[in-house]
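**Student:** Sharing input-v6.tsv here; it has TSV, C-alpha atoms.
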chain	number	residue	atom	x	y	z
Z	1	MET	CA	118.54	73.01	52.14
Z	2	ARG	CA	116.99	74.79	49.17
Z	3	VAL	CA	119.55	75.35	46.42
Z	4	LEU	CA	118.83	78.00	43.80
Z	5	ILE	CA	120.35	77.34	40.38
Z	6	PRO	CA	120.49	80.42	38.14
Z	7	TYR	CA	120.06	79.40	34.52
Z	8	THR	CA	119.77	81.13	31.16
Z	9	PRO	CA	118.01	78.88	28.65
Z	10	THR	CA	118.20	81.35	25.73
Z	11	ASP	CA	121.43	81.48	23.69
Z	12	PRO	CA	123.52	80.14	26.59
Z	13	LYS	CA	127.30	79.87	26.76
Z	14	SER	CA	128.07	82.21	23.88
Z	15	ARG	CA	131.82	81.91	24.49
Z	16	LEU	CA	131.57	78.28	23.37
Z	17	SER	CA	130.44	79.47	19.91
Z	18	PRO	CA	133.83	78.72	18.33
Z	19	VAL	CA	133.30	75.00	18.95
Z	20	MET	CA	129.49	74.51	19.18
Z	21	SER	CA	126.47	75.62	17.17
Z	22	ALA	CA	123.67	77.53	18.91
Z	23	SER	CA	121.50	74.43	19.26
Z	24	GLU	CA	124.46	72.45	20.56
Z	25	ARG	CA	125.16	75.10	23.18
Z	26	THR	CA	121.53	74.89	24.29
Z	27	ALA	CA	121.73	71.09	24.57
Z	28	PHE	CA	125.11	71.15	26.35
Z	29	ALA	CA	123.99	73.84	28.82
Z	30	HIS	CA	120.93	71.70	29.60
Z	31	ALA	CA	123.14	68.63	30.16
Z	32	MET	CA	125.27	70.63	32.62
Z	33	LEU	CA	122.10	71.81	34.41
Z	34	GLU	CA	120.94	68.21	34.71
Z	35	ASP	CA	124.30	67.20	36.24
Z	36	VAL	CA	124.09	69.98	38.82
Z	37	VAL	CA	120.45	69.18	39.68
Z	38	GLU	CA	121.26	65.50	40.08
Z	39	ALA	CA	124.27	66.21	42.33
Z	40	ILE	CA	122.10	68.41	44.56
Z	41	LYS	CA	119.27	65.87	44.76
Z	42	THR	CA	121.64	62.96	45.46
Z	43	ALA	CA	123.23	65.05	48.23
Z	44	GLY	CA	119.76	65.24	49.83
Z	45	HIS	CA	119.09	68.90	49.06
Z	46	THR	CA	116.31	70.63	47.13
Z	47	PRO	CA	117.13	72.25	43.79
Z	48	GLU	CA	115.07	75.11	42.34
Z	49	ILE	CA	116.00	76.58	38.98
Z	50	LEU	CA	115.95	80.38	38.78
Z	51	ALA	CA	115.59	81.17	35.08
Z	52	ASP	CA	115.10	84.30	33.01
Z	53	ALA	CA	112.88	82.48	30.51
Z	54	VAL	CA	110.92	79.24	30.12
Z	55	VAL	CA	113.11	76.14	30.63
Z	56	PRO	CA	112.06	73.28	28.34
Z	57	SER	CA	112.27	69.85	30.03
Z	58	ALA	CA	113.32	71.43	33.32
Z	59	PRO	CA	114.79	68.80	35.67
Z	60	ALA	CA	113.58	70.69	38.78
Z	61	PRO	CA	110.94	73.31	39.70
Z	62	VAL	CA	111.50	76.67	37.99
Z	63	ILE	CA	111.15	80.21	39.35
Z	64	GLU	CA	110.96	82.54	36.37
Z	65	ASP	CA	112.29	86.10	36.74
Z	66	GLU	CA	113.39	88.25	33.82
Z	67	ARG	CA	115.53	90.59	35.90
Z	68	PRO	CA	119.33	90.43	35.99
Z	69	LEU	CA	120.88	87.75	38.16
Z	70	SER	CA	121.51	89.67	41.39
Z	71	PRO	CA	118.01	91.19	41.92
Z	72	ALA	CA	116.43	87.90	40.84
Z	73	VAL	CA	118.43	85.94	43.44
Z	74	ASN	CA	117.99	88.52	46.19
Z	75	ALA	CA	114.20	88.54	45.61
Z	76	VAL	CA	113.89	84.88	46.57
Z	77	LEU	CA	116.92	84.28	48.82
Z	78	ASP	CA	115.57	83.14	52.17
Z	79	PRO	CA	118.36	81.95	54.52
Z	80	PRO	CA	119.41	79.24	54.93
Z	81	ASP	CA	119.59	78.88	51.16
Z	82	ALA	CA	122.37	77.98	48.77
Z	83	VAL	CA	123.06	79.20	45.25
Z	84	ILE	CA	124.96	76.97	42.82
Z	85	MET	CA	125.68	77.90	39.22
Z	86	ALA	CA	124.29	75.70	36.46
Z	87	ASP	CA	127.55	75.45	34.51
Z	88	MET	CA	129.55	73.34	36.96
Z	89	PRO	CA	129.27	69.80	35.64
Z	90	LEU	CA	132.28	68.63	37.64
Z	91	VAL	CA	130.39	68.87	40.93
Z	92	THR	CA	129.38	65.56	42.44
Z	93	ALA	CA	126.89	64.81	45.21
Z	94	GLY	CA	129.87	64.58	47.56
Z	95	THR	CA	131.14	67.99	46.50
Z	96	VAL	CA	127.73	69.54	47.17
Z	97	ALA	CA	127.17	67.70	50.45
Z	98	ASP	CA	130.57	68.75	51.81
Z	99	ALA	CA	130.20	72.38	50.78
Z	100	LEU	CA	126.69	72.77	52.20
Z	101	GLU	CA	127.81	71.32	55.54
Z	102	ARG	CA	130.66	73.80	55.93
Z	103	PRO	CA	130.17	76.19	58.87
Z	104	GLY	CA	129.86	79.96	58.62
Z	105	ASP	CA	127.23	82.63	58.10
Z	106	VAL	CA	128.30	82.64	54.47
Z	107	VAL	CA	130.09	79.86	52.60
Z	108	ILE	CA	131.74	80.91	49.34
Z	109	GLY	CA	132.95	78.58	46.60
Z	110	PRO	CA	135.15	80.78	44.41
Z	111	GLY	CA	135.13	80.38	40.66
Z	112	ARG	CA	138.32	80.58	38.67
Z	113	GLY	CA	138.88	84.20	37.66
Z	114	GLY	CA	137.13	85.80	40.63
Z	115	GLY	CA	133.55	84.62	40.28
Z	116	THR	CA	131.32	83.02	42.89
Z	117	ASN	CA	130.20	79.56	41.83
Z	118	LEU	CA	128.66	78.43	45.11
Z	119	LEU	CA	127.16	80.32	48.04
Z	120	VAL	CA	125.55	79.18	51.26
Z	121	VAL	CA	123.75	82.06	52.97
Z	122	ARG	CA	122.65	81.55	56.56
Z	123	ASP	CA	122.13	85.20	57.54
Z	124	ASP	CA	119.68	87.62	55.99
Z	125	ARG	CA	122.10	90.53	56.30
Z	126	PHE	CA	123.87	89.10	53.25
Z	127	ALA	CA	122.76	89.96	49.71
Z	128	VAL	CA	124.36	88.76	46.50
Z	129	ASP	CA	126.11	90.92	43.92
Z	130	TYR	CA	127.15	88.78	40.99
Z	131	HIS	CA	128.12	91.61	38.69
Z	132	GLY	CA	131.83	91.73	37.90
Z	133	ALA	CA	134.38	90.64	40.49
Z	134	SER	CA	131.80	88.92	42.63
Z	135	LEU	CA	134.23	86.97	44.83
Z	136	GLU	CA	135.80	90.13	46.19
Z	137	ASP	CA	132.40	91.84	46.42
Z	138	HIS	CA	130.93	88.94	48.37
Z	139	ARG	CA	133.91	88.90	50.74
Z	140	ARG	CA	133.37	92.64	51.28
Z	141	ILE	CA	129.59	92.42	51.74
Z	142	ALA	CA	130.02	89.68	54.36
Z	143	SER	CA	132.84	91.52	56.10
Z	144	SER	CA	130.81	94.77	56.26
Z	145	ALA	CA	128.03	92.91	58.08
Z	146	ASP	CA	130.53	91.19	60.44
Z	147	LEU	CA	129.55	87.79	59.09
Z	148	VAL	CA	131.74	84.71	59.43
Z	149	VAL	CA	132.84	83.55	55.97
Z	150	THR	CA	134.15	80.12	55.00
Z	151	GLU	CA	135.74	79.62	51.60
Z	152	VAL	CA	135.60	76.20	49.97
Z	153	ASP	CA	138.77	75.02	48.20
Z	154	SER	CA	137.52	72.83	45.35
Z	155	HIS	CA	138.63	72.43	41.76
Z	156	ARG	CA	135.24	70.92	40.93
Z	157	ILE	CA	133.48	74.01	42.25
Z	158	SER	CA	135.94	76.54	40.85
Z	159	THR	CA	135.62	75.12	37.34
Z	160	ASP	CA	132.67	76.74	35.60
Z	161	ILE	CA	132.45	76.09	31.90
Z	162	ASP	CA	132.62	79.22	29.81
Z	163	GLU	CA	135.31	78.77	27.18
Z	164	PRO	CA	136.52	75.90	24.99
Z	165	ALA	CA	139.59	75.37	27.23
Z	166	ASP	CA	137.22	74.63	30.13
Z	167	LEU	CA	135.80	71.64	28.24
Z	168	VAL	CA	139.14	69.88	28.80
Z	169	GLU	CA	138.26	69.74	32.51
Z	170	VAL	CA	134.87	68.16	31.76
Z	171	LEU	CA	136.53	65.42	29.72
Z	172	LEU	CA	139.23	64.86	32.38
Z	173	HIS	CA	136.96	64.85	35.44
Z	174	GLY	CA	133.29	64.73	34.40
Z	175	GLN	CA	131.24	61.58	34.92
Z	176	GLY	CA	127.78	62.75	33.98
Z	177	ARG	CA	125.60	63.93	31.15
Z	178	ALA	CA	127.76	66.88	30.11
Z	179	ALA	CA	130.86	64.70	29.75
Z	180	ASN	CA	128.84	62.10	27.85
Z	181	TRP	CA	127.36	64.78	25.61
Z	182	LEU	CA	130.87	65.96	24.69
Z	183	ARG	CA	132.07	62.44	23.94
Z	184	GLU	CA	128.96	61.68	21.85
Z	185	HIS	CA	129.62	64.86	19.89
Z	186	GLN	CA	133.21	63.88	19.03
Z	187	PHE	CA	135.03	66.09	21.51
Z	188	GLU	CA	138.20	64.43	22.69
Z	189	LEU	CA	141.53	65.17	24.33
Z	190	VAL	CA	144.71	65.08	22.31
Z	191	GLU	CA	148.27	65.61	23.40
Z	192	THR	CA	150.38	68.05	21.42
Z	193	ASP	CA	153.71	69.53	22.48
Z	194	GLY	CA	153.38	67.77	25.81
Z	195	ARG	CA	150.08	69.51	26.59
Z	196	VAL	CA	146.48	68.34	26.60
Z	197	ARG	CA	144.18	70.06	24.14
Z	198	LEU	CA	140.62	69.75	22.95
Z	199	ARG	CA	139.84	68.39	19.52
Z	200	ARG	CA	136.55	67.79	17.73
Z	201	SER	CA	136.96	64.95	15.30
A	1	MET	CA	157.01	62.72	54.94
A	2	ARG	CA	159.71	63.78	52.50
A	3	VAL	CA	158.32	66.07	49.82
A	4	LEU	CA	160.29	66.46	46.59
A	5	ILE	CA	159.86	69.82	44.86
A	6	PRO	CA	160.97	69.81	41.22
A	7	TYR	CA	162.37	73.22	40.30
A	8	THR	CA	164.02	74.82	37.27
A	9	PRO	CA	166.09	77.82	38.33
A	10	THR	CA	167.27	78.75	34.82
A	11	ASP	CA	164.95	80.84	32.62
A	12	PRO	CA	161.84	79.67	34.49
A	13	LYS	CA	158.22	80.32	33.57
A	14	SER	CA	158.82	81.35	29.97
A	15	ARG	CA	155.07	81.69	29.33
A	16	LEU	CA	155.05	84.66	31.70
A	17	SER	CA	157.42	86.52	29.34
A	18	PRO	CA	154.64	88.78	28.02
A	19	VAL	CA	154.32	90.38	31.47
A	20	MET	CA	157.69	89.83	33.21
A	21	SER	CA	161.35	90.27	32.25
A	22	ALA	CA	163.71	87.30	32.53
A	23	SER	CA	165.11	88.47	35.87
A	24	GLU	CA	161.58	89.10	37.16
A	25	ARG	CA	160.54	85.58	36.19
A	26	THR	CA	163.53	84.22	38.12
A	27	ALA	CA	162.61	86.25	41.19
A	28	PHE	CA	158.91	85.38	40.97
A	29	ALA	CA	159.61	81.65	40.49
A	30	HIS	CA	161.84	81.77	43.58
A	31	ALA	CA	159.08	83.50	45.57
A	32	MET	CA	156.65	80.74	44.58
A	33	LEU	CA	159.22	78.10	45.59
A	34	GLU	CA	159.58	79.77	48.99
A	35	ASP	CA	155.80	79.71	49.48
A	36	VAL	CA	155.63	76.00	48.68
A	37	VAL	CA	158.61	75.17	50.93
A	38	GLU	CA	157.10	77.14	53.80
A	39	ALA	CA	153.70	75.46	53.43
A	40	ILE	CA	155.36	72.02	53.54
A	41	LYS	CA	157.51	72.89	56.57
A	42	THR	CA	154.58	74.42	58.46
A	43	ALA	CA	152.57	71.27	57.74
A	44	GLY	CA	155.31	69.30	59.52
A	45	HIS	CA	156.79	67.66	56.44
A	46	THR	CA	160.31	67.71	54.98
A	47	PRO	CA	160.90	69.56	51.69
A	48	GLU	CA	163.76	68.69	49.34
A	49	ILE	CA	164.24	70.64	46.15
A	50	LEU	CA	164.99	68.57	43.05
A	51	ALA	CA	166.65	70.99	40.63
A	52	ASP	CA	168.31	70.71	37.23
A	53	ALA	CA	170.88	73.39	38.10
A	54	VAL	CA	172.27	75.27	41.10
A	55	VAL	CA	169.56	77.05	43.12
A	56	PRO	CA	170.79	80.36	44.54
A	57	SER	CA	169.47	81.06	48.07
A	58	ALA	CA	167.69	77.70	48.18
A	59	PRO	CA	165.11	77.62	51.00
A	60	ALA	CA	165.56	73.83	51.50
A	61	PRO	CA	168.16	71.14	50.73
A	62	VAL	CA	168.75	70.63	47.00
A	63	ILE	CA	169.23	67.41	45.02
A	64	GLU	CA	170.77	68.38	41.69
A	65	ASP	CA	170.02	66.23	38.63
A	66	GLU	CA	170.31	67.47	35.07
A	67	ARG	CA	168.03	64.82	33.60
A	68	PRO	CA	164.43	65.48	32.54
A	69	LEU	CA	161.84	65.59	35.28
A	70	SER	CA	160.53	62.01	35.23
A	71	PRO	CA	163.86	60.11	35.41
A	72	ALA	CA	165.14	62.63	37.97
A	73	VAL	CA	162.11	62.04	40.22
A	74	ASN	CA	162.06	58.27	39.76
A	75	ALA	CA	165.77	58.07	40.65
A	76	VAL	CA	165.15	59.42	44.16
A	77	LEU	CA	161.50	58.49	44.81
A	78	ASP	CA	161.49	56.26	47.87
A	79	PRO	CA	157.94	55.57	49.14
A	80	PRO	CA	156.36	57.00	51.16
A	81	ASP	CA	157.35	60.24	49.44
A	82	ALA	CA	155.38	63.13	48.03
A	83	VAL	CA	156.07	65.33	45.03
A	84	ILE	CA	154.71	68.88	44.92
A	85	MET	CA	155.35	71.31	42.10
A	86	ALA	CA	157.16	74.56	42.86
A	87	ASP	CA	154.72	76.80	41.00
A	88	MET	CA	151.71	76.42	43.28
A	89	PRO	CA	151.81	79.50	45.52
A	90	LEU	CA	148.16	79.11	46.51
A	91	VAL	CA	148.90	76.04	48.63
A	92	THR	CA	148.80	76.61	52.36
A	93	ALA	CA	150.09	74.44	55.18
A	94	GLY	CA	146.52	73.20	55.61
A	95	THR	CA	146.26	72.26	51.95
A	96	VAL	CA	149.49	70.25	52.17
A	97	ALA	CA	148.63	68.63	55.50
A	98	ASP	CA	145.21	67.51	54.27
A	99	ALA	CA	146.49	66.14	50.97
A	100	LEU	CA	149.37	64.20	52.54
A	101	GLU	CA	147.00	62.59	55.04
A	102	ARG	CA	144.65	61.29	52.35
A	103	PRO	CA	144.53	57.49	52.15
A	104	GLY	CA	145.56	55.43	49.12
A	105	ASP	CA	148.62	53.83	47.58
A	106	VAL	CA	148.81	56.89	45.36
A	107	VAL	CA	147.26	60.31	46.02
A	108	ILE	CA	146.95	62.55	42.98
A	109	GLY	CA	146.32	66.29	43.02
A	110	PRO	CA	145.35	67.11	39.43
A	111	GLY	CA	146.51	70.33	37.82
A	112	ARG	CA	144.21	72.31	35.60
A	113	GLY	CA	144.63	71.09	32.03
A	114	GLY	CA	145.57	67.52	32.85
A	115	GLY	CA	148.82	67.88	34.76
A	116	THR	CA	149.78	66.37	38.11
A	117	ASN	CA	150.58	69.03	40.67
A	118	LEU	CA	150.78	66.83	43.75
A	119	LEU	CA	151.55	63.16	44.26
A	120	VAL	CA	151.81	61.00	47.33
A	121	VAL	CA	153.42	57.66	46.51
A	122	ARG	CA	153.20	54.92	49.13
A	123	ASP	CA	153.98	51.92	46.91
A	124	ASP	CA	157.18	51.32	44.97
A	125	ARG	CA	155.31	49.77	42.04
A	126	PHE	CA	154.41	53.33	41.03
A	127	ALA	CA	156.74	55.45	38.89
A	128	VAL	CA	156.07	58.97	37.67
A	129	ASP	CA	155.64	60.04	34.04
A	130	TYR	CA	155.25	63.80	33.90
A	131	HIS	CA	155.58	64.15	30.15
A	132	GLY	CA	152.40	65.32	28.45
A	133	ALA	CA	149.00	64.33	29.83
A	134	SER	CA	150.42	63.21	33.14
A	135	LEU	CA	147.12	63.02	35.04
A	136	GLU	CA	145.75	60.33	32.73
A	137	ASP	CA	149.15	58.60	32.57
A	138	HIS	CA	149.38	58.50	36.37
A	139	ARG	CA	145.84	57.14	36.65
A	140	ARG	CA	146.80	54.43	34.14
A	141	ILE	CA	150.13	53.56	35.77
A	142	ALA	CA	148.43	53.16	39.16
A	143	SER	CA	145.55	51.17	37.68
A	144	SER	CA	147.93	48.81	35.84
A	145	ALA	CA	149.61	47.99	39.15
A	146	ASP	CA	146.23	47.54	40.94
A	147	LEU	CA	147.02	50.43	43.25
A	148	VAL	CA	144.34	52.33	45.17
A	149	VAL	CA	144.23	55.94	43.95
A	150	THR	CA	142.75	58.93	45.75
A	151	GLU	CA	142.28	62.20	43.88
A	152	VAL	CA	142.36	65.48	45.78
A	153	ASP	CA	139.78	68.09	44.78
A	154	SER	CA	141.49	71.42	45.46
A	155	HIS	CA	141.55	74.69	43.56
A	156	ARG	CA	144.72	75.67	45.42
A	157	ILE	CA	146.47	72.50	44.22
A	158	SER	CA	145.04	72.55	40.69
A	159	THR	CA	146.24	76.10	40.11
A	160	ASP	CA	149.81	76.04	38.89
A	161	ILE	CA	151.10	79.32	37.57
A	162	ASP	CA	152.15	79.18	33.93
A	163	GLU	CA	150.41	81.99	32.08
A	164	PRO	CA	149.51	85.60	32.82
A	165	ALA	CA	145.84	84.64	33.43
A	166	ASP	CA	147.00	82.39	36.28
A	167	LEU	CA	148.42	85.40	38.12
A	168	VAL	CA	144.83	86.55	38.74
A	169	GLU	CA	144.43	83.53	41.05
A	170	VAL	CA	147.57	84.49	43.00
A	171	LEU	CA	146.21	87.99	43.58
A	172	LEU	CA	142.75	86.67	44.53
A	173	HIS	CA	143.87	83.86	46.86
A	174	GLY	CA	147.60	84.14	47.61
A	175	GLN	CA	148.81	85.21	51.02
A	176	GLY	CA	152.55	84.70	50.73
A	177	ARG	CA	155.68	85.89	49.03
A	178	ALA	CA	154.50	85.34	45.45
A	179	ALA	CA	151.36	87.43	46.00
A	180	ASN	CA	153.41	90.12	47.73
A	181	TRP	CA	155.97	90.08	44.91
A	182	LEU	CA	153.20	90.71	42.37
A	183	ARG	CA	151.73	93.56	44.41
A	184	GLU	CA	155.16	95.13	44.93
A	185	HIS	CA	155.71	94.95	41.18
A	186	GLN	CA	152.50	96.78	40.35
A	187	PHE	CA	150.37	93.85	39.30
A	188	GLU	CA	146.75	94.41	40.19
A	189	LEU	CA	143.25	93.24	39.38
A	190	VAL	CA	140.92	95.43	37.39
A	191	GLU	CA	137.35	94.87	36.37
A	192	THR	CA	136.44	95.38	32.74
A	193	ASP	CA	133.24	94.23	31.04
A	194	GLY	CA	132.19	92.55	34.26
A	195	ARG	CA	135.29	90.35	34.35
A	196	VAL	CA	138.44	90.44	36.44
A	197	ARG	CA	141.67	90.98	34.54
A	198	LEU	CA	145.31	91.49	35.32
A	199	ARG	CA	146.93	94.89	34.89
A	200	ARG	CA	150.45	96.09	35.49
A	201	SER	CA	150.37	99.76	36.36
What is this file in structure tokens?

**Tutor:**
Amino acid sequence: MRVLIPYTPTDPKSRLSPVMSASERTAFAHAMLEDVVEAIKTAGHTPEILADAVVPSAPAPVIEDERPLSPAVNAVLDPPDAVIMADMPLVTAGTVADALERPGDVVIGPGRGGGTNLLVVRDDRFAVDYHGASLEDHRRIASSADLVVTEVDSHRISTDIDEPADLVEVLLHGQGRAANWLREHQFELVETDGRVRLRRS
Amino acid sequence: MRVLIPYTPTDPKSRLSPVMSASERTAFAHAMLEDVVEAIKTAGHTPEILADAVVPSAPAPVIEDERPLSPAVNAVLDPPDAVIMADMPLVTAGTVADALERPGDVVIGPGRGGGTNLLVVRDDRFAVDYHGASLEDHRRIASSADLVVTEVDSHRISTDIDEPADLVEVLLHGQGRAANWLREHQFELVETDGRVRLRRS
């Protein structure tokens, strides 16, 4: 199946600014993209990056579209297609393979906080709407068109990396380039007050 | 399988204090406990509450032990047993059934932030250590004893409810008493700046 990967190469992951410089955020975002692309390829599917600007050293073919995310995705979405976010470095080939095999006209992998981190769209009556509370919007859009929806229960899929606290999950569960990038850049887990926290040494 | 549910009935969930009174926290913690007990029973397993004080209106048999969590669990753990935390109201009967059927000497359901929200222990060379970074400790304890470990990838299991932000997940995914309690007490989701947030109206 073709898997679209929305990606913003310019000034990515601004909420990581407290712990990474601008060039580090660019490098880390690219490492996460590479992890997602590799998981998709190893699962036997076909990644295509949907970017709003040129992607240097792109690990897969790029469709460039400057528009906001939802119109850019809807312009190229051609069921059966999947959409997987680029900032999910916990996903493995097994995670992707399992999710893309799930039945339903629409398969939704919720993100923590009400986002939509993974979609499989098998019916062209469905269109994406990523703005705001996209999980509830996607449930509603599918329901309005009488489509059968399956939701995937996965910590690896629900964990997109936006804030410093999310990096803890990469260090606890990540096996790929993003986790290695963090370790090589002196990010580590420390235990204080009986809780795990991030530290940059 | 017997499933131990550690539970603190006295002044529970202190990190929810910014949004709930002490008596509300007690009621909400009890609603979450009821959801977990019901999921375990519906899955065909046998819940036993392991509490450090008397549990009013306990929804399952109670073992009372005033000691800290780890010695209290280890004192009664008799493989094959499972341990499921009481603050996971997203778990369904299906979630529990699937996790408890997973193979391995030890099955671990990681909690977000490095905790251990679910354990299945099938070998008496394993002992729990919930203090601090328990996920990594449990991986290490199992590895030291050459035990086969399976990790469960589940957003419903990884989401324990400690802080106000976690309540968003209950409203997005919960179907039981805890979600109803929140709705009856005027908790709701609102969208601001394209993100979902909690509001109490």

**Student:** Can you tell me how far atom CA of Met20 of chain A sits from atom CA of Arg177 of chain A, in Å to one decimal?

**Tutor:**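 Atom CA of Arg177 of chain A lies at a distance of 16.4 Å from atom CA of Met20 of chain A.
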
**Student:** Segment 158-174 of chain Z: which residues within 7 Å, counting all atoms listed in the file, same-chain residues fewer than 2 positions away excluded, as number ranges by chain?

**Tutor:** Z: 13, 15-16, 19, 87-90, 109-112, 117, 154-156, 176, 179, 189, 197-198; A: 113-114, 155

**Student:** Could I get the residues of chain A with an atom no further than 6 Å from an atom of chain Z, each paired with its nearest atom pair and that distance in Å to one decimal, using only C-alpha atoms, sorted by chain and residue number, as a Markdown table?

**Tutor:**
| residue | atom | partner | partner_atom | distance |
| --- | --- | --- | --- | --- |
| A:Gly132 | CA | Z:Gly194 | CA | 3.7 |
| A:Ala133 | CA | Z:Val196 | CA | 5.7 |
| A:Asp153 | CA | Z:Ser154 | CA | 5.3 |
| A:Ser154 | CA | Z:Ser154 | CA | 4.2 |
| A:His155 | CA | Z:His155 | CA | 4.1 |
| A:Gly194 | CA | Z:Gly132 | CA | 3.7 |
| A:Arg195 | CA | Z:Gly132 | CA | 5.1 |
| A:Val196 | CA | Z:Ala133 | CA | 5.7 |

**Student:** Up to 12 Å from (121.4, 71.2, 57.7) in the file's coordinates: name the residues, counting all atoms listed in the file, as an NGL selection string.

**Tutor:** :Z and (1-2 or 43-46 or 79-82 or 97-103 or 120 or 122)

**Student:** At what distance in Å, to one decimal, does atom CA of His185 of chain Z lie from atom CA of Ser201 of chain Z?

**Tutor:**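 These two atoms are separated by 8.7 Å.
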
**Student:** Between atom CA of Ile40 of chain A and atom CA of Pro59 of chain A, measure the distance and give it in Å to one decimal.

**Tutor:** 11.5 Å

**Student:** Which residues are close to segment 140-143 of chain A, i.e. within 12 Å by only C-alpha atoms, leaving aside same-chain residues fewer than 5 positions away? Reply as an mmCIF file with C-alpha atoms, in the coordinates of the input.

**Tutor:**
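Final output, saved to around38.cif:
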data_model
loop_
_atom_site.group_PDB
_atom_site.id
_atom_site.type_symbol
_atom_site.label_atom_id
_atom_site.label_comp_id
_atom_site.auth_asym_id
_atom_site.auth_seq_id
_atom_site.Cartn_x
_atom_site.Cartn_y
_atom_site.Cartn_z
ATOM 1 C CA GLY A 104 145.560 55.430 49.120
ATOM 2 C CA ASP A 105 148.620 53.830 47.580
ATOM 3 C CA VAL A 106 148.810 56.890 45.360
ATOM 4 C CA VAL A 107 147.260 60.310 46.020
ATOM 5 C CA ILE A 108 146.950 62.550 42.980
ATOM 6 C CA LEU A 119 151.550 63.160 44.260
ATOM 7 C CA VAL A 120 151.810 61.000 47.330
ATOM 8 C CA VAL A 121 153.420 57.660 46.510
ATOM 9 C CA ARG A 122 153.200 54.920 49.130
ATOM 10 C CA ASP A 123 153.980 51.920 46.910
ATOM 11 C CA ASP A 124 157.180 51.320 44.970
ATOM 12 C CA ARG A 125 155.310 49.770 42.040
ATOM 13 C CA PHE A 126 154.410 53.330 41.030
ATOM 14 C CA ALA A 127 156.740 55.450 38.890
ATOM 15 C CA VAL A 128 156.070 58.970 37.670
ATOM 16 C CA ASP A 129 155.640 60.040 34.040
ATOM 17 C CA TYR A 130 155.250 63.800 33.900
ATOM 18 C CA ALA A 133 149.000 64.330 29.830
ATOM 19 C CA SER A 134 150.420 63.210 33.140
ATOM 20 C CA LEU A 135 147.120 63.020 35.040
ATOM 21 C CA VAL A 148 144.340 52.330 45.170
ATOM 22 C CA VAL A 149 144.230 55.940 43.950
ATOM 23 C CA THR A 150 142.750 58.930 45.750
ATOM 24 C CA GLU A 151 142.280 62.200 43.880
#

**Student:** Could you list, as a PDB file with C-alpha atoms, keeping the file's coordinate frame, every residue within 9 Å of Trp181 of chain A, counting only C-alpha atoms and ignoring same-chain residues fewer than 5 positions away?

**Tutor:**
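Wrote selection-v1.pdb, looks like this:
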ATOM      1  CA  ALA A  27     162.610  86.250  41.190  1.00  0.00           C
ATOM      2  CA  PHE A  28     158.910  85.380  40.970  1.00  0.00           C
ATOM      3  CA  ALA A  31     159.080  83.500  45.570  1.00  0.00           C
ATOM      4  CA  GLY A 176     152.550  84.700  50.730  1.00  0.00           C
ATOM      5  CA  GLN A 186     152.500  96.780  40.350  1.00  0.00           C
ATOM      6  CA  PHE A 187     150.370  93.850  39.300  1.00  0.00           C
TER       7      PHE A 187
END

**Student:** Would you kindly return, as a count of residues only, each protein, DNA or RNA residue with an atom no farther than 9 Å from any atom of Val55 of chain A, considering all atoms listed in the file and excluding same-chain residues fewer than 3 positions away?

**Tutor:** 10
